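Data from query.txt: compact mmCIF, C-alpha atoms
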# COMPACT_ATOMS: atom_id res chain seq x y z
CA MET A 1 6.52 29.95 -24.70
CA THR A 2 9.62 30.36 -22.60
CA THR A 3 10.68 33.13 -20.35
CA ILE A 4 14.04 31.58 -19.53
CA THR A 5 17.35 32.09 -21.26
CA LEU A 6 20.68 30.32 -21.21
CA ASP A 7 21.72 32.53 -18.34
CA THR A 8 18.77 31.69 -16.12
CA THR A 9 19.86 29.95 -12.93
CA LEU A 10 17.57 27.35 -11.42
CA CYS A 11 17.33 25.57 -8.12
CA ARG A 12 15.31 22.63 -6.84
CA THR A 13 12.18 23.13 -4.79
CA GLN A 14 13.42 22.13 -1.35
CA THR A 15 10.13 20.67 -0.10
CA LEU A 16 10.06 17.99 -2.80
CA MET A 17 10.86 14.41 -1.92
CA ALA A 18 12.68 12.48 -4.61
CA SER A 19 13.71 8.88 -4.89
CA GLU A 20 15.53 6.99 -7.64
CA VAL A 21 13.62 4.05 -9.01
CA GLY A 22 15.78 2.32 -11.59
CA GLU A 23 16.81 4.97 -14.11
CA GLU A 24 13.87 7.19 -13.29
CA THR A 25 13.29 9.63 -10.46
CA MET A 26 10.03 9.47 -8.54
CA MET A 27 9.04 12.68 -6.77
CA MET A 28 6.35 13.88 -4.42
CA ASP A 29 5.18 17.36 -3.57
CA ILE A 30 3.05 17.22 -0.42
CA ASN A 31 2.04 20.86 -0.76
CA GLN A 32 0.45 20.30 -4.12
CA GLY A 33 -0.59 16.69 -3.45
CA MET A 34 1.16 15.59 -6.62
CA TYR A 35 3.57 12.90 -7.72
CA PHE A 36 5.91 13.06 -10.69
CA ALA A 37 8.30 10.75 -12.42
CA LEU A 38 11.23 11.92 -14.52
CA ASN A 39 12.56 9.65 -17.27
CA PRO A 40 16.31 8.86 -17.45
CA VAL A 41 17.44 12.09 -19.14
CA GLY A 42 15.14 14.17 -16.96
CA SER A 43 16.59 12.34 -13.97
CA ARG A 44 20.10 13.29 -15.07
CA ILE A 45 19.12 16.95 -15.28
CA TRP A 46 17.54 16.73 -11.82
CA ALA A 47 20.79 15.25 -10.50
CA LEU A 48 22.78 18.10 -12.07
CA LEU A 49 20.48 20.57 -10.33
CA GLU A 50 21.71 19.47 -6.93
CA GLN A 51 23.46 22.82 -6.83
CA ALA A 52 21.82 25.89 -8.36
CA THR A 53 22.84 25.77 -12.00
CA SER A 54 22.32 27.85 -15.11
CA VAL A 55 20.69 26.50 -18.26
CA LYS A 56 24.00 27.12 -20.04
CA ALA A 57 25.95 25.01 -17.55
CA LEU A 58 23.37 22.22 -17.82
CA CYS A 59 23.72 22.13 -21.59
CA GLU A 60 27.51 22.15 -21.43
CA GLN A 61 27.45 19.08 -19.19
CA LEU A 62 24.79 17.25 -21.19
CA LEU A 63 26.70 17.83 -24.43
CA LYS A 64 29.57 15.87 -22.89
CA GLU A 65 27.30 13.00 -21.94
CA TYR A 66 24.84 12.71 -24.81
CA ASP A 67 25.13 12.52 -28.56
CA ILE A 68 23.25 15.70 -29.48
CA ASP A 69 24.06 19.02 -31.14
CA VAL A 70 24.20 22.33 -29.30
CA ALA A 71 21.07 23.93 -30.73
CA GLN A 72 18.89 20.88 -30.16
CA CYS A 73 20.25 20.43 -26.66
CA GLU A 74 19.51 24.02 -25.68
CA GLN A 75 16.04 23.82 -27.18
CA GLU A 76 15.11 20.62 -25.40
CA VAL A 77 16.61 21.63 -22.08
CA MET A 78 14.74 24.93 -22.08
CA THR A 79 11.47 23.22 -22.93
CA PHE A 80 12.02 20.73 -20.15
CA ILE A 81 12.96 23.43 -17.62
CA ASP A 82 9.76 25.24 -18.58
CA GLN A 83 7.80 22.12 -17.66
CA LEU A 84 9.65 21.81 -14.36
CA LEU A 85 8.92 25.45 -13.60
CA GLU A 86 5.26 25.03 -14.45
CA ARG A 87 4.97 22.16 -12.00
CA LYS A 88 7.00 24.03 -9.37
CA ILE A 89 9.64 21.31 -9.33
CA VAL A 90 12.31 24.00 -9.78
CA SER A 91 12.35 27.75 -9.46
CA VAL A 92 14.42 30.56 -10.93
CA VAL A 93 17.20 31.87 -8.70
CA ALA A 94 18.26 34.90 -10.71
CA HIS A 95 19.07 35.97 -14.22
CA LYS A 96 22.78 36.55 -14.69
CA ALA A 97 22.39 40.27 -14.85
CA ASP A 98 20.83 40.33 -11.40
CA ALA A 99 23.02 37.70 -9.77
CA PRO A 100 25.34 38.90 -7.01
CA SER A 101 29.01 38.41 -7.75
CA SER A 102 30.33 35.43 -5.79
CA MET B 1 12.93 14.37 -21.23
CA LYS B 2 9.56 13.58 -19.91
CA ILE B 3 7.45 14.07 -16.82
CA ASP B 4 4.50 11.93 -15.91
CA THR B 5 2.12 13.43 -13.42
CA LEU B 6 -0.24 11.97 -10.91
CA THR B 7 -2.52 13.90 -8.64
CA SER B 8 -3.16 12.25 -5.32
CA GLN B 9 -6.53 13.94 -4.94
CA ASN B 10 -8.22 11.93 -7.63
CA LEU B 11 -7.32 8.55 -6.20
CA ALA B 12 -10.17 6.49 -4.86
CA SER B 13 -10.15 5.80 -1.16
CA GLU B 14 -11.56 2.74 0.59
CA SER B 15 -15.18 2.66 1.58
CA THR B 16 -16.18 1.94 5.16
CA VAL B 17 -16.55 -1.67 6.19
CA PRO B 18 -20.16 -2.84 6.47
CA ALA B 19 -21.53 -4.31 9.69
CA SER B 20 -21.14 -8.03 9.97
CA SER B 21 -21.55 -10.93 12.27
CA GLU B 22 -19.42 -14.03 12.27
CA GLN B 23 -19.14 -17.17 14.29
CA VAL B 24 -15.78 -18.83 14.43
CA THR B 25 -15.17 -22.26 15.82
CA PHE B 26 -11.38 -22.29 15.90
CA CYS B 27 -9.36 -20.76 18.70
CA GLN B 28 -5.62 -20.55 19.10
CA ALA B 29 -5.24 -18.02 21.88
CA GLY B 30 -2.50 -17.98 24.47
CA ASN B 31 -4.16 -17.25 27.76
CA GLN B 32 -2.73 -14.94 30.39
CA GLY B 33 -4.96 -14.43 33.38
CA SER B 34 -8.24 -13.13 32.06
CA ASN B 35 -6.72 -11.68 28.88
CA TYR B 36 -5.50 -13.31 25.71
CA LEU B 37 -2.07 -12.92 24.12
CA TYR B 38 -1.82 -12.96 20.34
CA GLN B 39 0.56 -12.07 17.53
CA ALA B 40 0.04 -10.61 14.07
CA TYR B 41 2.35 -8.62 11.79
CA GLY B 42 5.21 -9.04 14.26
CA LEU B 43 3.17 -7.31 16.96
CA THR B 44 2.19 -8.84 20.27
CA ILE B 45 -1.42 -8.14 21.18
CA ASP B 46 -2.82 -8.36 24.71
CA SER B 47 -6.61 -8.50 24.39
CA GLU B 48 -9.54 -8.70 26.74
CA LEU B 49 -11.64 -9.77 23.77
CA VAL B 50 -11.03 -13.27 22.45
CA ILE B 51 -9.88 -13.15 18.79
CA PRO B 52 -9.78 -16.74 17.54
CA GLN B 53 -8.46 -15.78 14.09
CA LEU B 54 -5.11 -14.73 15.54
CA LEU B 55 -2.18 -16.96 16.47
CA ALA B 56 -0.94 -17.16 20.06
CA GLY B 57 1.66 -14.58 21.02
CA GLN B 58 4.13 -14.11 23.83
CA GLY B 59 6.24 -11.50 25.50
CA ARG B 60 5.71 -7.81 26.02
CA SER B 61 2.65 -6.49 24.28
CA ASP B 62 2.80 -3.82 21.57
CA ILE B 63 -0.97 -3.41 21.46
CA THR B 64 -3.45 -3.71 24.32
CA ILE B 65 -7.18 -4.11 23.73
CA ARG B 66 -9.60 -3.48 26.58
CA PHE B 67 -13.28 -2.81 27.05
CA GLY B 68 -13.93 0.63 28.46
CA ASN B 69 -15.23 4.14 27.94
CA ILE B 70 -13.87 6.04 24.99
CA PRO B 71 -13.40 9.80 24.53
CA ALA B 72 -16.34 11.73 23.12
CA SER B 73 -14.11 13.47 20.59
CA LEU B 74 -10.46 14.01 19.71
CA ASP B 75 -8.33 17.10 20.23
CA ASN B 76 -6.37 18.14 17.13
CA ALA B 77 -8.56 16.11 14.80
CA THR B 78 -7.16 16.40 11.27
CA ASP B 79 -10.30 15.01 9.68
CA THR B 80 -13.78 13.91 10.69
CA GLY B 81 -16.64 11.97 9.20
CA PRO B 82 -20.16 11.08 10.31
CA CYS B 83 -18.98 8.25 12.56
CA TRP B 84 -15.24 8.81 12.95
CA GLN B 85 -12.50 11.26 13.87
CA ILE B 86 -8.79 11.05 13.29
CA SER B 87 -5.76 12.97 14.53
CA PRO B 88 -2.04 12.41 13.97
CA LYS B 89 -1.95 9.80 16.75
CA GLN B 90 -5.54 8.79 17.53
CA PHE B 91 -8.58 7.31 15.85
CA LEU B 92 -12.17 7.27 17.04
CA LEU B 93 -14.69 5.06 15.23
CA ARG B 94 -18.34 4.42 16.08
CA ILE B 95 -20.25 1.63 14.41
CA ASP B 96 -23.97 1.70 15.14
CA LYS B 97 -25.21 -1.31 17.21
CA VAL B 98 -21.67 -2.70 17.38
CA ALA B 99 -19.15 -0.60 19.28
CA GLY B 100 -17.21 2.61 19.64
CA TYR B 101 -13.45 2.15 19.22
CA TRP B 102 -10.61 4.40 20.26
CA ALA B 103 -7.02 3.69 19.27
CA HIS B 104 -3.83 5.50 20.27
CA GLY B 105 -0.93 4.95 17.90
CA GLY B 106 1.76 6.02 20.34
CA SER B 107 0.80 3.79 23.26
CA GLY B 108 -0.80 1.01 21.22
CA GLU B 109 -3.91 1.17 23.38
CA VAL B 110 -7.29 0.25 21.99
CA LEU B 111 -10.49 0.79 23.96
CA ILE B 112 -13.79 -0.74 22.93
CA ASP B 113 -17.13 0.54 24.15
CA ARG B 114 -19.36 -2.27 22.95
CA ALA B 115 -23.11 -2.04 22.38
CA THR B 116 -25.09 -4.45 24.55
CA GLU B 117 -26.60 -6.18 21.54
CA ALA B 118 -23.26 -6.59 19.73
CA SER B 119 -21.75 -10.05 19.29
CA ASP B 120 -18.02 -10.72 19.67
CA ASP B 121 -17.98 -11.41 15.94
CA ASP B 122 -19.26 -7.96 15.05
CA VAL B 123 -16.79 -6.30 17.38
CA ARG B 124 -13.86 -8.28 15.91
CA THR B 125 -14.61 -7.34 12.32
CA PHE B 126 -13.86 -3.65 12.76
CA LEU B 127 -11.05 -4.34 15.18
CA LEU B 128 -9.16 -6.45 12.64
CA GLY B 129 -10.08 -4.06 9.83
CA SER B 130 -9.90 -0.33 10.31
CA ILE B 131 -8.46 -0.34 13.84
CA LEU B 132 -5.60 -2.72 13.09
CA GLY B 133 -5.06 -0.89 9.80
CA PHE B 134 -4.76 2.40 11.69
CA LEU B 135 -2.18 0.87 14.05
CA LEU B 136 -0.12 -0.39 11.11
CA HIS B 137 -0.12 3.11 9.58
CA GLN B 138 0.92 4.52 12.96
CA ARG B 139 3.89 2.16 13.07
CA ARG B 140 4.93 3.23 9.57
CA ILE B 141 4.28 -0.27 8.28
CA LEU B 142 3.03 -0.25 4.70
CA PRO B 143 -0.34 -2.04 4.61
CA LEU B 144 -1.37 -3.14 1.13
CA HIS B 145 -4.86 -4.39 0.40
CA ALA B 146 -3.54 -7.74 -0.77
CA SER B 147 -3.32 -11.45 -0.06
CA ALA B 148 0.17 -12.94 0.09
CA ILE B 149 1.90 -16.30 -0.24
CA ARG B 150 5.43 -17.55 0.22
CA THR B 151 7.11 -18.93 -2.91
CA GLU B 152 10.65 -20.17 -3.49
CA ARG B 153 11.69 -16.71 -4.64
CA GLY B 154 9.99 -14.82 -1.86
CA ALA B 155 6.62 -13.34 -1.00
CA VAL B 156 4.16 -12.80 -3.82
CA LEU B 157 1.19 -10.47 -3.31
CA PHE B 158 -2.18 -10.34 -5.05
CA THR B 159 -3.81 -6.96 -4.76
CA GLY B 160 -6.99 -5.44 -6.13
CA HIS B 161 -10.44 -4.05 -5.34
CA SER B 162 -13.06 -5.96 -3.37
CA GLY B 163 -14.24 -8.78 -5.58
CA ALA B 164 -11.06 -8.83 -7.66
CA GLY B 165 -10.19 -12.29 -6.35
CA LYS B 166 -7.50 -11.80 -3.68
CA SER B 167 -8.88 -14.43 -1.31
CA THR B 168 -9.93 -16.82 -4.07
CA THR B 169 -6.46 -16.69 -5.61
CA LEU B 170 -4.94 -17.16 -2.17
CA GLY B 171 -7.11 -20.22 -1.56
CA ALA B 172 -6.13 -21.76 -4.89
CA MET B 173 -2.43 -21.14 -4.20
CA VAL B 174 -2.67 -22.69 -0.75
CA LYS B 175 -4.26 -25.74 -2.36
CA ARG B 176 -1.24 -25.92 -4.69
CA GLY B 177 0.99 -26.08 -1.65
CA TYR B 178 2.05 -22.48 -1.06
CA ALA B 179 2.03 -21.16 2.50
CA MET B 180 -0.23 -18.21 3.28
CA LEU B 181 1.12 -14.98 4.69
CA ALA B 182 -2.01 -12.81 4.57
CA ASP B 183 -5.58 -12.72 3.27
CA ASP B 184 -6.74 -9.11 3.19
CA VAL B 185 -3.95 -6.84 4.43
CA SER B 186 -0.31 -7.56 3.63
CA ALA B 187 2.18 -5.60 5.71
CA ILE B 188 5.55 -4.52 4.34
CA VAL B 189 8.59 -3.10 6.12
CA ILE B 190 12.04 -2.25 4.79
CA ASP B 191 14.98 -4.00 6.43
CA GLU B 192 18.42 -2.55 7.18
CA GLN B 193 19.67 -3.50 3.73
CA GLY B 194 16.81 -1.60 2.12
CA CYS B 195 14.91 -4.74 1.10
CA PRO B 196 11.13 -4.95 1.51
CA GLN B 197 9.94 -7.74 3.83
CA VAL B 198 6.41 -9.11 4.21
CA LEU B 199 5.15 -9.71 7.76
CA PRO B 200 2.91 -12.73 8.49
CA ALA B 201 -0.70 -11.80 9.31
CA PHE B 202 -2.96 -14.58 10.63
CA PRO B 203 -4.31 -17.85 9.25
CA SER B 204 -7.86 -17.02 8.30
CA SER B 205 -9.46 -16.10 5.00
CA ARG B 206 -12.83 -14.61 4.11
CA LEU B 207 -14.53 -16.07 1.07
CA ARG B 208 -17.90 -15.74 -0.60
CA ALA B 209 -19.91 -18.94 -1.04
CA ASP B 210 -19.20 -19.10 -4.79
CA SER B 211 -15.47 -18.57 -4.23
CA ALA B 212 -15.47 -21.31 -1.59
CA ALA B 213 -17.22 -23.58 -4.11
CA LYS B 214 -14.49 -22.88 -6.71
CA LEU B 215 -11.99 -24.04 -4.11
CA ASN B 216 -14.08 -27.12 -3.25
CA ARG B 217 -14.41 -25.93 0.31
CA SER B 218 -17.64 -26.58 2.14
CA THR B 219 -19.21 -23.68 3.96
CA GLN B 220 -20.79 -26.16 6.39
CA ASP B 221 -18.04 -25.93 8.98
CA ALA B 222 -16.90 -22.42 8.23
CA GLY B 223 -17.74 -19.42 10.35
CA HIS B 224 -20.27 -17.24 8.58
CA ILE B 225 -20.00 -13.49 8.16
CA GLY B 226 -23.49 -12.34 7.30
CA THR B 227 -22.61 -9.16 5.44
CA ALA B 228 -23.75 -7.48 2.28
CA PHE B 229 -20.94 -9.56 0.75
CA ASP B 230 -22.09 -12.70 2.54
CA LYS B 231 -18.69 -14.14 3.34
CA TYR B 232 -17.49 -17.18 5.23
CA LEU B 233 -14.48 -17.32 7.50
CA PHE B 234 -12.09 -20.18 6.84
CA GLU B 235 -9.13 -21.33 8.83
CA VAL B 236 -6.05 -21.86 6.67
CA ASP B 237 -3.90 -24.77 7.71
CA HIS B 238 -0.79 -23.93 5.69
CA PHE B 239 0.46 -20.68 7.14
CA CYS B 240 3.94 -19.15 7.11
CA GLN B 241 4.91 -17.62 10.44
CA GLU B 242 8.16 -16.07 9.26
CA VAL B 243 8.98 -12.74 7.68
CA VAL B 244 9.58 -13.27 3.94
CA PRO B 245 11.41 -10.97 1.48
CA LEU B 246 9.05 -9.45 -1.08
CA TYR B 247 9.43 -10.80 -4.60
CA GLY B 248 6.52 -9.57 -6.70
CA ILE B 249 3.15 -7.88 -6.71
CA TYR B 250 0.28 -8.80 -9.00
CA ILE B 251 -2.59 -6.38 -9.53
CA LEU B 252 -5.80 -8.35 -10.15
CA THR B 253 -8.09 -6.62 -12.64
CA GLN B 254 -10.85 -7.71 -14.98
CA HIS B 255 -11.44 -7.13 -18.67
CA ASP B 256 -14.01 -8.14 -21.22
CA GLN B 257 -11.64 -10.37 -23.19
CA PRO B 258 -11.98 -14.17 -22.94
CA LYS B 259 -8.32 -14.82 -22.01
CA ILE B 260 -6.03 -14.06 -19.11
CA GLU B 261 -3.19 -11.60 -19.76
CA LEU B 262 -0.22 -10.75 -17.59
CA GLN B 263 1.41 -7.38 -18.30
CA PRO B 264 4.43 -6.07 -16.39
CA ILE B 265 3.80 -2.40 -15.61
CA LYS B 266 6.59 -0.33 -17.11
CA SER B 267 5.76 3.23 -16.09
CA THR B 268 7.04 4.21 -12.66
CA VAL B 269 4.17 6.61 -12.07
CA ASP B 270 1.66 3.87 -12.95
CA LYS B 271 3.32 1.44 -10.55
CA PHE B 272 3.36 4.10 -7.88
CA SER B 273 -0.28 4.88 -8.52
CA TRP B 274 -1.33 1.23 -8.18
CA LEU B 275 0.48 0.86 -4.88
CA LEU B 276 -0.96 4.10 -3.58
CA VAL B 277 -4.52 3.15 -4.55
CA ASN B 278 -4.04 -0.31 -3.07
CA THR B 279 -2.63 0.94 0.22
CA TYR B 280 -5.18 -0.22 2.81
CA ARG B 281 -7.16 2.74 4.15
CA ASN B 282 -4.96 5.07 2.11
CA GLN B 283 -6.83 8.12 3.40
CA PHE B 284 -5.05 7.56 6.75
CA ILE B 285 -1.72 8.53 5.13
CA LYS B 286 -2.60 12.18 4.84
CA GLN B 287 -4.79 12.24 7.94
CA ILE B 288 -1.99 10.89 10.12
CA GLY B 289 0.62 12.89 8.24
CA TRP B 290 3.15 10.31 7.11
CA GLU B 291 3.14 11.08 3.39
CA GLN B 292 6.91 11.37 3.20
CA GLU B 293 7.71 8.06 4.86
CA HIS B 294 4.96 6.35 2.88
CA PHE B 295 6.42 7.77 -0.33
CA GLN B 296 9.85 6.48 0.68
CA LEU B 297 8.45 3.03 1.52
CA ILE B 298 6.74 2.71 -1.84
CA SER B 299 9.83 3.98 -3.65
CA ASN B 300 11.89 1.30 -1.89
CA VAL B 301 9.40 -1.34 -2.92
CA LEU B 302 9.48 -0.14 -6.53
CA GLN B 303 13.28 -0.23 -6.61
CA THR B 304 13.37 -3.95 -6.04
CA THR B 305 9.96 -5.42 -6.88
CA GLN B 306 8.15 -6.22 -10.10
CA VAL B 307 4.57 -5.03 -10.42
CA ILE B 308 2.46 -6.96 -12.91
CA GLN B 309 -1.09 -6.31 -13.98
CA VAL B 310 -3.28 -9.39 -14.36
CA LYS B 311 -6.32 -9.06 -16.58
CA ARG B 312 -8.84 -11.86 -16.34
CA PRO B 313 -12.35 -12.25 -17.76
CA THR B 314 -15.10 -11.38 -15.30
CA ASP B 315 -16.92 -14.57 -16.08
CA PRO B 316 -15.83 -17.35 -16.15
CA PHE B 317 -13.18 -16.76 -13.45
CA LEU B 318 -10.76 -19.26 -15.07
CA LEU B 319 -9.21 -19.92 -11.67
CA ASP B 320 -7.13 -22.95 -12.71
CA GLU B 321 -5.73 -21.10 -15.71
CA LEU B 322 -5.03 -18.04 -13.55
CA VAL B 323 -3.09 -20.11 -11.04
CA ARG B 324 -1.15 -21.81 -13.81
CA GLN B 325 -0.12 -18.52 -15.42
CA LEU B 326 0.73 -16.84 -12.14
CA GLU B 327 2.81 -19.78 -10.99
CA GLN B 328 4.64 -19.92 -14.30
CA ASP B 329 5.31 -16.19 -14.08
CA PHE B 330 6.66 -16.02 -10.53
CA SER B 331 8.68 -19.20 -10.96
CA SER B 332 10.43 -18.21 -14.18
CA ASN B 333 13.62 -16.18 -14.58
CA THR B 334 12.89 -12.56 -15.42
Whole structure given in structure tokens:
Amino acid sequence: MTTITLDTTLCRTQTLMASEVGEETMMMDINQGMYFALNPVGSRIWALLEQATSVKALCEQLLKEYDIDVAQCEQEVMTFIDQLLERKIVSVVAHKADAPSS
Amino acid sequence: MKIDTLTSQNLASESTVPASSEQVTFCQAGNQGSNYLYQAYGLTIDSELVIPQLLAGQGRSDITIRFGNIPASLDNATDTGPCWQISPKQFLLRIDKVAGYWAHGGSGEVLIDRATEASDDDVRTFLLGSILGFLLHQRRILPLHASAIRTERGAVLFTGHSGAGKSTTLGAMVKRGYAMLADDVSAIVIDEQGCPQVLPAFPSSRLRADSAAKLNRSTQDAGHIGTAFDKYLFEVDHFCQEVVPLYGIYILTQHDQPKIELQPIKSTVDKFSWLLVNTYRNQFIKQIGWEQEHFQLISNVLQTTQVIQVKRPTDPFLLDELVRQLEQDFSSNT
């Protein structure tokens, strides 16, 4: 069940510590007392989220890097972002409609 | 895209060390006036109490150990228990009929208020255990509950719960010709190139009578620690006094199969979890407040070091076979 759309913009939780271990990313959230590891594709998405990024922009970049079709990419990215949101690894910045013009 | 999760709250923490008494017959202290100068883990220790297990040290001391009165309680305690208190920089520990200990991480001072009936042996046990462990945490040195040896490829660690076989495996490896680095607590730092290095501890090992028997060592001349575990204190004659780059970590576990199995751990979260659980006195991490640096240390270790789970039958120990398989594993190309 997803509340995000392609236009949702996400940013990293700033208090997380992250460290690359091989192709994975190991993370720690002191506030929650939890540790996470992202697999290689998840790690790539985390890297792309260095700046606040929309789901749409993430998919556009991933489509260039991975052999996957648009619909499947969007589906999987949104599912993954949902999981990141649930674990407070990322948070929503704004939906496009609400975003200030830059 | 996958996330593995680990909650730090459900990790087991170490239990408190039981009271013990030991008599040691070997002594390697450097003597300076009425105090003794030692070294362990790259630290120089100036002690009023004689600590025969430690090697002689020299130079300016990092840690000073004196007998004296200790504070009744700590300001800013982050956690307390029935016989201890801890704050970001200080630790207070009282062991009934042995001593009260106070340690300050910033200054490296340790004060011991010993009970009149306590032997030097009793006092040393907690000093070299929880107190030294606390000081390692304070210095942001990663202490793993592990024995360690030097091999051609670097330092190899054997970690696991009490009774897993850390000291027995160490003893067997020393017999094979490998130099010892540590028996119970292996200390790791990261050098300027980002490579984990293992610091030499001190040349003594605690073994149960049955473990000593497996190693064909007589308990006749060994110091005896009369604990619930009933251990003996052995001097180890082949000891490495240099810092050695870390090569691999073996996690000693038991299973109900008849054979020994070695399994490299693939999952990063699992590896992380093992190293967190096997951090010596891991509850200090949160109590002192160095979770971030500890996380970074372990991440660094995981970037460069293999972690392999060893499953052996509970009985028989199969020590010779274990040594053979371990040696084959850490000597082969990966």
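Interatomic distance, CA of Asp256 (chain B) to CA of Leu326 (chain B): 19.4 Å.
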Excluding region 60-74 of chain B and its own-chain neighbours fewer than 5 positions away, which residues fall within 8 Å of it when counting only C-alpha atoms? Please give them as a VMD selection string.
chain B and resid 37 43 to 49 85 to 87 90 to 92 100 to 102 107 to 114
Provide the CA of Ser167 (chain B) to CA of Ile308 (chain B) distance in Å, to one decimal place.
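Computing it gives 17.9 Å between the two atoms.
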Kindly indicate which residue among A:Ser54, A:Gln61, A:Asn31, A:Gln72 lies nearest to Leu10 (chain A), using only C-alpha atoms for the distances.
A:Ser54
Close residues, Ser147 (chain B) itself excluded, 9 Å, only C-alpha atoms, min 6 positions apart in chain, as an mmCIF file with C-alpha atoms, keeping the file's coordinate frame:
data_model
loop_
_atom_site.group_PDB
_atom_site.id
_atom_site.type_symbol
_atom_site.label_atom_id
_atom_site.label_comp_id
_atom_site.auth_asym_id
_atom_site.auth_seq_id
_atom_site.Cartn_x
_atom_site.Cartn_y
_atom_site.Cartn_z
ATOM 1 C CA VAL B 156 4.160 -12.800 -3.820
ATOM 2 C CA LEU B 157 1.190 -10.470 -3.310
ATOM 3 C CA PHE B 158 -2.180 -10.340 -5.050
ATOM 4 C CA THR B 159 -3.810 -6.960 -4.760
ATOM 5 C CA LYS B 166 -7.500 -11.800 -3.680
ATOM 6 C CA SER B 167 -8.880 -14.430 -1.310
ATOM 7 C CA THR B 169 -6.460 -16.690 -5.610
ATOM 8 C CA LEU B 170 -4.940 -17.160 -2.170
ATOM 9 C CA MET B 180 -0.230 -18.210 3.280
ATOM 10 C CA LEU B 181 1.120 -14.980 4.690
ATOM 11 C CA ALA B 182 -2.010 -12.810 4.570
ATOM 12 C CA ASP B 183 -5.580 -12.720 3.270
ATOM 13 C CA ASP B 184 -6.740 -9.110 3.190
ATOM 14 C CA VAL B 185 -3.950 -6.840 4.430
ATOM 15 C CA SER B 186 -0.310 -7.560 3.630
#
Grab the CA of Ala115 (chain B) to CA of Gly133 (chain B) distance for me, in Å with one decimal place.
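If I compute the distance from CA of Ala115 (chain B) to CA of Gly133 (chain B), I get 22.0 Å.
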Selected residue, from B:Thr314, B:Gln283, B:Gln197, B:Ser211, that lies nearest to Phe134 (chain B) when counting only C-alpha atoms:
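Closest residue, counting only C-alpha atoms: B:Gln283.
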Residue among A:Val92, A:Val70, A:Leu62, A:Ala47 lying closest to Thr5 (chain A), counting all atoms listed in the file
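Among the listed residues, A:Val92 lies closest to Thr5 (chain A).
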